[in-house]
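**Q** Structure incoming, see below.
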Amino acid sequence: MPNCIFCAIVNDHRQAKILYEDTDYLAFEDLHPQAPAHFLVIPKRHIETILDADKETLGNLIHIGVRVARKMGLDKNGFRTVINCKRHAGQSVDHLHVHVMGGRWFSWPPG
Ligand code: DGP
């Protein structure tokens, strides 16, 4: 998708620190980390929001997030996964992504 920053990363890996890749998915470090560990998992295909994703894609995104989190040692103390959907939730990049954050305490409820 033209003008999509995550599609640009899919096409040019130099634009992000890649943590995981397969034929359909990519995980990379967030540019503005909100925790000591903060990465994103995306489908390579441009899908705008969680509302547009099928069951298999959603399962794979979460599964990859857990695998990478485990590899980073975040399974010891835990981590948070977040999917922002549209403006009220704070989605700023309209290419579906799962946030995985760890390495500190997180409060609840979220603001
Ligand atoms: P959200 O607000 O849920 O749409 O999160 C978008 C995230 O994407 C935000 O945490 C910052 C991150 N981000 C935005 N632009 C870039 C970029 O060019 N590279 C990387 N690695 N992350 C980006």
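Labels for the structure tokens follow display order: chains A, B, ..., residues from 1 in each chain, ligands from 1.
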Around ligand 1, out to 9 Å and counting only C-alpha atoms and all ligand atoms, which residues are there? I want them as number ranges by chain.
**A** A: 5-6, 8-9, 15-18, 28-34, 38-40, 82-87, 89-99
**Q** Counting only C-alpha atoms, what is within 9 Å of Ile62 of chain A, bar same-chain residues fewer than 4 positions away, as a list in words?
**A** Val41, Thr57, Leu58, Val66, Arg67, Thr81 and Val98 of chain A
**Q** Output N, CA and C atoms for every residue in the selection just made, as a short mmCIF file (atom, residue, chain, number, x, y, z; two decimals), in the first residue's frame.
**A**
data_model
loop_
_atom_site.label_atom_id
_atom_site.label_comp_id
_atom_site.auth_asym_id
_atom_site.auth_seq_id
_atom_site.Cartn_x
_atom_site.Cartn_y
_atom_site.Cartn_z
N VAL A 41 4.31 -7.04 15.74
CA VAL A 41 4.17 -8.16 14.80
C VAL A 41 3.12 -7.75 13.77
N THR A 57 -5.01 -15.38 10.55
CA THR A 57 -4.04 -14.27 10.65
C THR A 57 -3.91 -13.81 12.09
N LEU A 58 -5.04 -13.65 12.77
CA LEU A 58 -4.99 -13.18 14.16
C LEU A 58 -4.27 -14.19 15.05
N VAL A 66 4.18 -14.34 20.88
CA VAL A 66 4.56 -15.15 22.05
C VAL A 66 5.92 -15.82 21.83
N ARG A 67 6.14 -16.32 20.63
CA ARG A 67 7.43 -16.97 20.34
C ARG A 67 8.59 -15.99 20.49
N THR A 81 0.32 -7.65 25.56
CA THR A 81 0.04 -7.56 24.12
C THR A 81 -1.13 -6.61 23.94
N VAL A 98 0.37 -6.04 16.18
CA VAL A 98 0.26 -6.43 17.58
C VAL A 98 1.47 -5.85 18.31
#
**Q** Figure out the distance between atom CA of Arg14 of chain A and atom CA of Ile64 of chain A, please, to one decimal in Å.
**A**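 Between these atoms lies a distance of 20.9 Å.
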**Q** What's the 10 Å shell around Trp105 of chain A, counting only C-alpha atoms, without same-chain residues fewer than 4 positions away, as a list in words?
**A**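 The neighbour list is Ala35, Asn77, Gly78, Phe79, Arg80 and Met101 of chain A.
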**Q** Can you pull out every residue within 8 Å of Leu26 of chain A, counting only C-alpha atoms, but drop anything in the same chain fewer than 2 positions away, and send it as a VMD selection string?
**A** chain A and resid 10 18 to 22 24 28 41 to 44
**Q** Those selected residues, please, written with all heavy atoms and delivered as a CSV table (one decimal), in the first residue's frame.
**A**
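Below is the file that was written, result.csv:
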chain,number,residue,atom,x,y,z
A,10,VAL,N,8.2,-3.7,5.2
A,10,VAL,CA,8.2,-5.1,4.6
A,10,VAL,C,9.1,-5.1,3.3
A,10,VAL,O,9.8,-6.1,3.1
A,10,VAL,CB,6.7,-5.4,4.2
A,10,VAL,CG1,6.7,-6.7,3.3
A,10,VAL,CG2,5.9,-5.6,5.5
A,18,ILE,N,14.7,-6.0,12.6
A,18,ILE,CA,13.9,-7.1,12.4
A,18,ILE,C,14.2,-8.2,13.5
A,18,ILE,O,15.4,-8.5,13.7
A,18,ILE,CB,14.0,-7.7,11.0
A,18,ILE,CG1,13.9,-6.7,9.9
A,18,ILE,CG2,13.1,-8.9,10.8
A,18,ILE,CD1,12.5,-6.0,9.8
A,19,LEU,N,13.1,-8.7,14.1
A,19,LEU,CA,13.3,-9.8,15.1
A,19,LEU,C,12.9,-11.1,14.6
A,19,LEU,O,13.3,-12.2,15.2
A,19,LEU,CB,12.5,-9.4,16.4
A,19,LEU,CG,12.9,-8.0,17.0
A,19,LEU,CD1,11.9,-7.7,18.1
A,19,LEU,CD2,14.3,-8.1,17.5
A,20,TYR,N,12.0,-11.1,13.7
A,20,TYR,CA,11.4,-12.4,13.1
A,20,TYR,C,10.9,-12.1,11.7
A,20,TYR,O,10.3,-11.1,11.5
A,20,TYR,CB,10.3,-12.9,14.0
A,20,TYR,CG,9.5,-14.1,13.5
A,20,TYR,CD1,10.0,-15.4,13.8
A,20,TYR,CD2,8.5,-13.9,12.6
A,20,TYR,CE1,9.3,-16.5,13.2
A,20,TYR,CE2,7.8,-15.0,12.1
A,20,TYR,CZ,8.2,-16.3,12.4
A,20,TYR,OH,7.6,-17.4,11.8
A,21,GLU,N,11.0,-13.1,10.9
A,21,GLU,CA,10.4,-13.0,9.6
A,21,GLU,C,10.1,-14.4,9.0
A,21,GLU,O,10.8,-15.4,9.2
A,21,GLU,CB,11.4,-12.4,8.6
A,21,GLU,CG,10.8,-12.3,7.2
A,21,GLU,CD,11.6,-11.6,6.2
A,21,GLU,OE1,12.9,-11.5,6.4
A,21,GLU,OE2,11.1,-11.1,5.1
A,22,ASP,N,8.9,-14.5,8.4
A,22,ASP,CA,8.6,-15.7,7.6
A,22,ASP,C,8.0,-15.2,6.3
A,22,ASP,O,8.0,-14.0,6.1
A,22,ASP,CB,7.8,-16.8,8.4
A,22,ASP,CG,6.5,-16.3,8.8
A,22,ASP,OD1,5.9,-15.4,8.1
A,22,ASP,OD2,5.9,-16.8,9.8
A,24,ASP,N,5.0,-14.7,5.5
A,24,ASP,CA,3.8,-13.9,5.6
A,24,ASP,C,3.8,-12.8,6.8
A,24,ASP,O,2.9,-12.0,6.8
A,24,ASP,CB,2.5,-14.8,5.9
A,24,ASP,CG,2.3,-15.7,4.7
A,24,ASP,OD1,2.4,-15.2,3.5
A,24,ASP,OD2,2.1,-16.9,4.9
A,28,PHE,N,9.3,-6.6,14.4
A,28,PHE,CA,10.4,-5.6,14.5
A,28,PHE,C,10.2,-4.7,15.7
A,28,PHE,O,9.1,-4.6,16.2
A,28,PHE,CB,10.5,-4.8,13.2
A,28,PHE,CG,9.2,-4.2,12.7
A,28,PHE,CD1,8.9,-2.9,13.2
A,28,PHE,CD2,8.3,-4.8,11.9
A,28,PHE,CE1,7.7,-2.3,12.8
A,28,PHE,CE2,7.1,-4.2,11.5
A,28,PHE,CZ,6.8,-2.9,12.0
A,41,VAL,N,4.3,-7.0,15.7
A,41,VAL,CA,4.2,-8.2,14.8
A,41,VAL,C,3.1,-7.7,13.8
A,41,VAL,O,2.0,-7.3,14.1
A,41,VAL,CB,3.7,-9.5,15.5
A,41,VAL,CG1,3.8,-10.6,14.5
A,41,VAL,CG2,4.5,-9.7,16.8
A,42,ILE,N,3.5,-7.9,12.5
A,42,ILE,CA,2.5,-7.5,11.4
A,42,ILE,C,2.4,-8.6,10.4
A,42,ILE,O,3.3,-9.4,10.2
A,42,ILE,CB,3.0,-6.2,10.7
A,42,ILE,CG1,4.3,-6.4,9.9
A,42,ILE,CG2,3.2,-5.0,11.7
A,42,ILE,CD1,4.6,-5.3,9.0
A,43,PRO,N,1.2,-8.6,9.7
A,43,PRO,CA,1.2,-9.4,8.5
A,43,PRO,C,1.9,-8.6,7.4
A,43,PRO,O,1.8,-7.4,7.3
A,43,PRO,CB,-0.3,-9.5,8.2
A,43,PRO,CG,-0.9,-8.3,8.9
A,43,PRO,CD,0.0,-7.9,10.0
A,44,LYS,N,2.6,-9.3,6.5
A,44,LYS,CA,3.2,-8.6,5.4
A,44,LYS,C,2.2,-8.0,4.4
A,44,LYS,O,2.4,-6.9,3.9
A,44,LYS,CB,4.1,-9.5,4.6
A,44,LYS,CG,5.4,-9.9,5.4
A,44,LYS,CD,6.3,-10.7,4.5
A,44,LYS,CE,7.7,-10.9,5.3
A,44,LYS,NZ,8.6,-11.8,4.5
**Q** What are the DSSP alpha helix (DSSP H) residues of chain A, as a PyMOL selection string?
**A** chain A and resi 5-11+55-71+86-89
**Q** With only C-alpha atoms as the counted atoms, please give the residues lying no more than 7 Å from Gly65 of chain A, apart from itself and same-chain residues fewer than 4 positions off, as JSON, numbers by chain.
**A** {"A": [41, 61, 69, 100]}
**Q** Restricting the calculation to only C-alpha atoms: of A:Pro110, A:Pro2, A:Val68, A:Lys55, which residue gets closest to Ala27 of chain A?
**A**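 Closest residue, counting only C-alpha atoms: A:Val68.
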**Q** Between atom CA of Arg104 of chain A and atom CA of Asp75 of chain A, measure the distance and give it in Å to one decimal.
**A**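 These atoms are spaced 12.4 Å apart.
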